[in-house]
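A.B. asks: Mind having a look at this structure? Questions to follow.
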Amino acid sequence: MLHAQLEAMYSTPWMSDIVVGTMRWGIWDAKFTTAQYEAMIEKAMSLGMSTFDHADIYGDHTTEAEFGAALKLHPEWRSQMELVTKCGIIRVCDQKPGHYIKAYDFTKSHILQSAEDSLRNLQTDYLDVMLLHRPDLLMDPDEVAEAFEMLYTSGKVRSFGVSNFTPSQVKLLQSTVPVGVHQLEVSVKDVSAFDDGRLDQCTLDGIVPMAWSPLGGGKLPEAVVSALSALAVEFEVKPQAMALAWLLQHPSGILPVVGTTKAENLEAAQAALTIKLDRQQWYTIYQAATGTTLP
Ligand SMILES: NC(=O)c1ccc[n+]([C@@H]2O[C@H](COP(=O)([O-])OP(=O)(O)OC[C@H]3O[C@@H](n4cnc5c(N)ncnc54)[C@H](OP(=O)(O)O)[C@@H]3O)[C@@H](O)[C@H]2O)c1
């Protein structure tokens with residue numbers, strides 16, 4: 001039952017073309033007030049960016065709750081947005097005094113408890129997408145499937161995916177549960193997903209690829225910035241929009257997860273949706289990114 005229902009869901013788009021990342025909104029970076037969370041969420045939604053990317057660990061387990069406090073003030077928003085979150089990282093931080101070393105945990109009990117915590121913190125009664133954040137080398141795919149089945153049938157989580165997996169790790173999990181999303185690092189700063197099989201697998205298996213740090217975390221090599229800037233002048237957009245358009249062009253259907261903390265940079269990102277690069281323009285950026293010419 002789980003297979004048929006999830007596969008039907010994954011065959012139609014259920015997230016926005018540009019996803020809004022919240023990792024930098026809380027105590028790890030911008031330290032937004034509730035009013036600033038409200039303003040960014042509202043701005044993103046006004047631009048059609050309805051999907052918000054979280055993880056239980058952001059802000060050392062505090063960012064989801066800060067976002068949830070803003071969401072609570074606007075209950076009408078929930079049905080107009082999609083909430084993605086991630087679980088599976090054991091992080092050493094003040095909020096988790098029992099954690100003494102970094103570890104990964106995909107046990108059934110950990111996944112179920114993480115879902116409950118995220119639901120409570122985000123002040124919602126369902127999550128649109130739950131991702132396994134980084135591969136747990138001790139993963140038992142049957143155990144993960146049991147947890148996902150319970151979360152799905154209870155209506156608490158509507159779809160599932162992974163992050164930072166290798167293609168064979170994805171395949172292993174697919175043996176017990178349909179994988180709808182793979183959130184991976186791909187950008188002008190890290191092009192490895194284009195030819196190491198991860199994006200090919202997404203295309204083959206109908207997995208939605210989400211690109212984390214699509215602007216390389218905001219720090220790009222000079223040669224890349226210069227190639228992006230030259231094309232940006234031609235298209236009359238900001239260089240950042242070129243970098244996102246370059247990802248959006250890939251046939252696997254990459255959804256960039258933008259990490260900005262500024263409303264105006266959300267607008268700059270949205271301009272990427274209007275750009276179509278030809279092959280030579282695309283490869284100009286690719287060659288600037290790799291620092292080599294094509295054979
Ligand atoms: N699955 C994973 O393992 C994983 C890992 C890392 C991140 N993530 C997700 O990916 C999201 C994005 O990651 P990221 O924050 O590293 O992404 P990013 O978009 O590559 O980098 C964000 C940085 O770029 C700057 N920036 C963005 N747009 C800009 C623009 N138009 N002009 C100038 N500067 C701009 C931002 O500064 P301003 O704030 O000043 O705009 C910010 O410092 C995170 O929020 C998180 O949701 C997932």
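If you're wondering about the labels, chains in the structure tokens are A, B, ... by order shown, residues count from 1 in each chain, ligands from 1 in order shown.
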Could you pull the residues within 12 Å of Phe67 in chain A, counting only C-alpha atoms, minus those fewer than 6 positions along the same chain, as a compact mmCIF listing (two decimals) with N, CA and C atoms, in the first residue's frame?
C.D. replies:
# COMPACT_ATOMS: atom_id res chain seq x y z
N GLY A 21 15.75 27.46 2.17
CA GLY A 21 16.47 26.82 3.27
C GLY A 21 16.46 27.70 4.51
N THR A 22 16.33 27.08 5.66
CA THR A 22 16.22 27.84 6.91
C THR A 22 17.46 27.70 7.81
N MET A 23 18.47 27.01 7.31
CA MET A 23 19.63 26.69 8.16
C MET A 23 20.31 27.92 8.76
N ARG A 24 20.29 29.02 7.99
CA ARG A 24 20.99 30.24 8.45
C ARG A 24 20.06 31.23 9.16
N TRP A 25 18.80 30.90 9.33
CA TRP A 25 17.86 31.88 9.87
C TRP A 25 17.95 32.04 11.39
N GLY A 26 18.37 31.02 12.05
CA GLY A 26 18.34 31.02 13.52
C GLY A 26 19.68 31.35 14.14
N ILE A 27 19.96 30.70 15.26
CA ILE A 27 21.14 31.09 16.05
C ILE A 27 22.47 30.75 15.38
N LYS A 31 20.05 34.94 13.30
CA LYS A 31 19.37 35.17 14.59
C LYS A 31 18.09 35.98 14.41
N PHE A 32 17.23 35.50 13.51
CA PHE A 32 15.96 36.19 13.23
C PHE A 32 15.10 36.28 14.49
N THR A 33 14.39 37.39 14.59
CA THR A 33 13.30 37.48 15.56
C THR A 33 12.08 36.80 14.93
N THR A 34 11.04 36.61 15.73
CA THR A 34 9.83 36.00 15.16
C THR A 34 9.30 36.86 14.01
N ALA A 35 9.37 38.17 14.17
CA ALA A 35 8.87 39.06 13.11
C ALA A 35 9.69 38.89 11.83
N GLN A 36 10.98 38.64 11.97
CA GLN A 36 11.81 38.43 10.77
C GLN A 36 11.51 37.08 10.10
N TYR A 37 11.22 36.07 10.93
CA TYR A 37 10.77 34.79 10.34
C TYR A 37 9.49 35.03 9.55
N GLU A 38 8.55 35.74 10.17
CA GLU A 38 7.28 35.98 9.49
C GLU A 38 7.51 36.69 8.15
N ALA A 39 8.37 37.72 8.17
CA ALA A 39 8.58 38.51 6.95
C ALA A 39 9.23 37.67 5.85
N MET A 40 10.21 36.82 6.21
CA MET A 40 10.87 36.00 5.18
C MET A 40 9.91 34.94 4.62
N ILE A 41 9.14 34.34 5.51
CA ILE A 41 8.19 33.31 5.04
C ILE A 41 7.18 33.96 4.09
N PHE A 52 9.75 24.93 2.35
CA PHE A 52 10.77 25.38 3.32
C PHE A 52 11.54 24.16 3.82
N ASP A 53 12.86 24.29 3.78
CA ASP A 53 13.72 23.16 4.15
C ASP A 53 14.28 23.35 5.56
N HIS A 54 14.04 22.36 6.39
CA HIS A 54 14.52 22.37 7.78
C HIS A 54 15.36 21.13 8.03
N ALA A 55 15.94 21.09 9.22
CA ALA A 55 16.49 19.85 9.78
C ALA A 55 16.34 19.98 11.29
N ASP A 56 16.16 18.85 11.94
CA ASP A 56 16.00 18.90 13.40
C ASP A 56 17.17 19.62 14.07
N TYR A 58 19.14 22.12 12.98
CA TYR A 58 19.49 23.52 12.67
C TYR A 58 19.35 24.38 13.92
N GLY A 59 20.37 25.25 14.09
CA GLY A 59 20.39 26.07 15.30
C GLY A 59 20.56 25.22 16.55
N HIS A 61 19.11 22.40 17.21
CA HIS A 61 17.76 21.98 17.60
C HIS A 61 16.88 23.15 18.07
N LEU A 73 1.42 32.06 14.32
CA LEU A 73 0.73 33.34 14.20
C LEU A 73 -0.06 33.45 12.90
N HIS A 74 0.18 32.50 11.97
CA HIS A 74 -0.49 32.54 10.65
C HIS A 74 -0.97 31.14 10.29
N ARG A 78 -0.22 27.25 6.66
CA ARG A 78 0.22 25.85 6.64
C ARG A 78 -0.22 25.09 5.39
N LEU A 83 6.53 21.67 4.17
CA LEU A 83 7.62 21.64 5.15
C LEU A 83 8.43 20.35 4.97
N SER A 118 9.91 17.19 15.58
CA SER A 118 9.78 18.19 14.51
C SER A 118 8.33 18.67 14.42
N LEU A 119 7.38 17.77 14.54
CA LEU A 119 5.96 18.17 14.49
C LEU A 119 5.66 19.16 15.61
N ARG A 120 6.16 18.85 16.80
CA ARG A 120 5.90 19.73 17.95
C ARG A 120 6.59 21.08 17.75
N ASN A 121 7.85 21.05 17.35
CA ASN A 121 8.60 22.30 17.20
C ASN A 121 8.04 23.18 16.09
N LEU A 122 7.67 22.57 15.00
CA LEU A 122 7.14 23.35 13.86
C LEU A 122 5.67 23.73 14.06
N GLN A 123 5.07 23.22 15.11
CA GLN A 123 3.67 23.49 15.44
C GLN A 123 2.75 23.14 14.27
N THR A 124 2.93 21.91 13.81
CA THR A 124 2.11 21.42 12.71
C THR A 124 1.72 19.98 13.02
A.B. asks: Residues within 6 Å of ligand 1, counting only C-alpha atoms and all ligand atoms: report them as a list in words.
C.D. replies: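 The residues near ligand 1 are Gly21, Thr22, Met23, Arg24, Asp53, His54, His133, Ser163, Gln183, Trp212, Ser213, Pro214, Leu215, Gly216, Gly217, Gly218, Gln240, Val257, Val258, Gly259, Thr260, Thr261, Lys262, Asn265, Ala268 and Ala269 of chain A.
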A.B. asks: Let me see the file: selected residues, C-alpha atoms, as a compact mmCIF listing (two decimals), in the first residue's frame.
C.D. replies:
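So the final result, stored in again.txt, reads:
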# COMPACT_ATOMS: atom_id res chain seq x y z
CA GLY A 21 16.47 26.82 3.27
CA THR A 22 16.22 27.84 6.91
CA MET A 23 19.63 26.69 8.16
CA ARG A 24 20.99 30.24 8.45
CA ASP A 53 13.72 23.16 4.15
CA HIS A 54 14.52 22.37 7.78
CA HIS A 133 20.06 13.54 6.73
CA SER A 163 20.28 13.31 1.78
CA GLN A 183 18.95 16.26 -1.22
CA TRP A 212 21.84 22.16 -0.99
CA SER A 213 24.24 25.13 -0.89
CA PRO A 214 23.35 25.88 -4.54
CA LEU A 215 25.50 29.03 -4.34
CA GLY A 216 28.37 27.20 -2.69
CA GLY A 217 27.39 28.66 0.67
CA GLY A 218 27.87 32.16 -0.78
CA GLN A 240 23.55 34.27 -8.25
CA VAL A 257 17.52 25.05 -1.78
CA VAL A 258 18.52 28.69 -1.41
CA GLY A 259 20.09 29.70 1.87
CA THR A 260 19.66 33.45 1.88
CA THR A 261 18.66 35.45 4.94
CA LYS A 262 17.57 38.47 2.86
CA ASN A 265 18.11 37.84 -2.44
CA ALA A 268 17.30 37.65 -7.13
CA ALA A 269 16.97 33.88 -6.90
A.B. asks: Give the alpha helix (DSSP H) residues of range 84-202 of chain A, as DSSP finds them on the backbone, and put them as a PyMOL selection string.
C.D. replies: chain A and resi 108-122+141-153+167-174+198-202
A.B. asks: Neighbours of Leu47 in chain A within 9 Å (only C-alpha atoms; same-chain residues fewer than 5 positions away dropped), as a tab-separated table (two decimals) with N, CA and C atoms, in the first residue's frame?
C.D. replies:
chain	number	residue	atom	x	y	z
A	42	GLU	N	6.68	35.11	4.51
A	42	GLU	CA	5.67	35.80	3.70
A	42	GLU	C	6.24	36.19	2.34
A	266	LEU	N	16.02	36.62	-2.17
A	266	LEU	CA	15.00	35.67	-2.65
A	266	LEU	C	14.51	36.12	-4.02
A	267	GLU	N	14.33	37.44	-4.17
A	267	GLU	CA	13.89	37.97	-5.47
A	267	GLU	C	14.94	37.71	-6.54
A	270	GLN	N	14.68	34.20	-7.62
A	270	GLN	CA	13.49	33.89	-8.42
A	270	GLN	C	13.72	34.18	-9.90
A.B. asks: Using only C-alpha atoms, determine which residues lie at most 10 Å from range 166-172 of chain A, disregarding the query and same-chain residues fewer than 4 positions distant; provide the list as a list in words.
C.D. replies: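 So, after excluding close chain neighbours, the residues are Pro135, Asp136, Leu137, Met139, Asp140, Pro141, Gly161, Val162, Thr176, Val177, Pro178, Val179, His182, Leu184, Ala193, Asp196, Gly197, Arg198, Leu199, Asp200, Gln201, Cys202 and Asp205 of chain A.
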A.B. asks: Keeping only C-alpha atoms, take the residues you just selected and write them out as an mmCIF file, in the first residue's frame.
C.D. replies:
data_model
loop_
_atom_site.group_PDB
_atom_site.id
_atom_site.type_symbol
_atom_site.label_atom_id
_atom_site.label_comp_id
_atom_site.auth_asym_id
_atom_site.auth_seq_id
_atom_site.Cartn_x
_atom_site.Cartn_y
_atom_site.Cartn_z
ATOM 1 C CA PRO A 135 23.826 7.919 5.691
ATOM 2 C CA ASP A 136 23.882 5.772 8.803
ATOM 3 C CA LEU A 137 26.325 2.987 7.925
ATOM 4 C CA MET A 139 21.069 1.354 8.393
ATOM 5 C CA ASP A 140 18.659 -1.581 8.330
ATOM 6 C CA PRO A 141 16.326 -0.822 5.393
ATOM 7 C CA GLY A 161 13.703 10.832 1.018
ATOM 8 C CA VAL A 162 17.395 10.888 1.738
ATOM 9 C CA THR A 176 12.075 -1.608 1.131
ATOM 10 C CA VAL A 177 10.595 1.856 0.602
ATOM 11 C CA PRO A 178 10.072 4.278 -2.317
ATOM 12 C CA VAL A 179 12.532 7.191 -2.150
ATOM 13 C CA HIS A 182 17.563 13.052 -2.709
ATOM 14 C CA LEU A 184 22.597 16.491 -2.258
ATOM 15 C CA ALA A 193 26.856 14.906 -8.747
ATOM 16 C CA ASP A 196 29.135 10.316 -10.268
ATOM 17 C CA GLY A 197 25.757 8.659 -10.834
ATOM 18 C CA ARG A 198 23.677 10.504 -8.222
ATOM 19 C CA LEU A 199 21.740 12.722 -10.640
ATOM 20 C CA ASP A 200 21.511 9.915 -13.203
ATOM 21 C CA GLN A 201 19.857 7.789 -10.534
ATOM 22 C CA CYS A 202 17.397 10.598 -9.773
ATOM 23 C CA ASP A 205 14.124 6.454 -10.701
#
A.B. asks: So that I can see what lies close to Glu149 in chain A, please list as a PyMOL selection string the residues with an atom at most 12 Å from it, counting only C-alpha atoms and leaving out residues fewer than 2 positions away in the same chain.
C.D. replies: chain A and resi 1-3+5-6+108+111-112+142-147+151-160+176-178
A.B. asks: Using the chain letters and numbers from this document, which residues of range 35-212 of chain A does DSSP assign to strand (DSSP E or B), as JSON, numbers by chain?
C.D. replies: {"A": [51, 52, 53, 82, 83, 84, 85, 86, 87, 89, 90, 93, 96, 103, 104, 127, 129, 130, 131, 132, 157, 160, 161, 162, 163, 181, 182, 183, 184, 185, 208, 209, 210, 211, 212]}
A.B. asks: Those residues with C-alpha atoms, as a PDB file, in the first residue's frame please?
C.D. replies:
ATOM      1  CA  THR A  51       8.615  24.810   0.209  1.00  0.00           C
ATOM      2  CA  PHE A  52      10.768  25.376   3.323  1.00  0.00           C
ATOM      3  CA  ASP A  53      13.721  23.163   4.149  1.00  0.00           C
ATOM      4  CA  GLU A  82       5.362  22.435   2.205  1.00  0.00           C
ATOM      5  CA  LEU A  83       7.621  21.637   5.148  1.00  0.00           C
ATOM      6  CA  VAL A  84      10.667  19.447   4.600  1.00  0.00           C
ATOM      7  CA  THR A  85      12.741  18.299   7.538  1.00  0.00           C
ATOM      8  CA  LYS A  86      15.556  15.873   8.198  1.00  0.00           C
ATOM      9  CA  CYS A  87      16.523  13.476  10.942  1.00  0.00           C
ATOM     10  CA  ILE A  89      22.144  13.126  12.969  1.00  0.00           C
ATOM     11  CA  ILE A  90      23.182  12.846  16.592  1.00  0.00           C
ATOM     12  CA  CYS A  93      25.150  20.494  21.595  1.00  0.00           C
ATOM     13  CA  LYS A  96      21.181  17.430  23.838  1.00  0.00           C
ATOM     14  CA  ALA A 103      26.847   9.822  15.158  1.00  0.00           C
ATOM     15  CA  TYR A 104      24.095   8.869  12.731  1.00  0.00           C
ATOM     16  CA  LEU A 127       5.353  17.058   7.619  1.00  0.00           C
ATOM     17  CA  VAL A 129       8.771  15.472   3.464  1.00  0.00           C
ATOM     18  CA  MET A 130      11.080  13.723   5.903  1.00  0.00           C
ATOM     19  CA  LEU A 131      14.673  13.075   4.843  1.00  0.00           C
ATOM     20  CA  LEU A 132      17.375  10.884   6.343  1.00  0.00           C
ATOM     21  CA  VAL A 157       4.582  12.403   7.255  1.00  0.00           C
ATOM     22  CA  PHE A 160      10.203  10.473   2.348  1.00  0.00           C
ATOM     23  CA  GLY A 161      13.703  10.832   1.018  1.00  0.00           C
ATOM     24  CA  VAL A 162      17.395  10.888   1.738  1.00  0.00           C
ATOM     25  CA  SER A 163      20.283  13.314   1.784  1.00  0.00           C
ATOM     26  CA  VAL A 181      13.774  12.972  -2.802  1.00  0.00           C
ATOM     27  CA  HIS A 182      17.563  13.052  -2.709  1.00  0.00           C
ATOM     28  CA  GLN A 183      18.954  16.261  -1.218  1.00  0.00           C
ATOM     29  CA  LEU A 184      22.597  16.491  -2.258  1.00  0.00           C
ATOM     30  CA  GLU A 185      25.315  19.072  -2.637  1.00  0.00           C
ATOM     31  CA  VAL A 208      13.480  14.681  -7.046  1.00  0.00           C
ATOM     32  CA  PRO A 209      17.005  16.062  -6.545  1.00  0.00           C
ATOM     33  CA  MET A 210      17.257  19.003  -4.175  1.00  0.00           C
ATOM     34  CA  ALA A 211      20.525  20.990  -4.333  1.00  0.00           C
ATOM     35  CA  TRP A 212      21.844  22.155  -0.987  1.00  0.00           C
TER      36      TRP A 212
END
A.B. asks: With only C-alpha atoms as the atoms that count, which of A:Thr12, A:Met150, A:Ile18, A:Ser79 lies nearest to Leu255 in chain A?
C.D. replies: A:Ile18
A.B. asks: What is the CA of Glu7 in chain A-CA of Ile254 in chain A distance in Å, reported with one decimal?
C.D. replies: 18.6 Å
A.B. asks: For Val191 in chain A, which residue out of A:Ala289, A:Thr63, A:Ser50, A:Asn164 is the nearest one, using only C-alpha atoms?
C.D. replies: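 The closest residue to Val191 in chain A is A:Ala289.
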A.B. asks: Just checking: using only C-alpha atoms, which residue out of A:Trp246, A:Leu138, A:Glu64, A:His99 ends up closest to Asp117 in chain A?
C.D. replies: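 For Asp117 in chain A, the nearest of the candidates is A:Glu64.
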A.B. asks: Skipping near chain neighbours, those fewer than 5 positions away, what residues fall within 7 Å of Met49 in chain A using only C-alpha atoms, listed as a PyMOL selection string?
C.D. replies: chain A and resi 16+18-20+44
A.B. asks: For the residues in the current selection, export C-alpha atoms as a PDB file, in the first residue's frame.
C.D. replies:
ATOM      1  CA  SER A  16       8.161  24.629  -5.334  1.00  0.00           C
ATOM      2  CA  ILE A  18      12.978  26.927  -5.658  1.00  0.00           C
ATOM      3  CA  VAL A  19      13.064  25.702  -2.068  1.00  0.00           C
ATOM      4  CA  VAL A  20      13.826  28.046   0.834  1.00  0.00           C
ATOM      5  CA  ALA A  44       9.031  33.631  -0.068  1.00  0.00           C
TER       6      ALA A  44
END
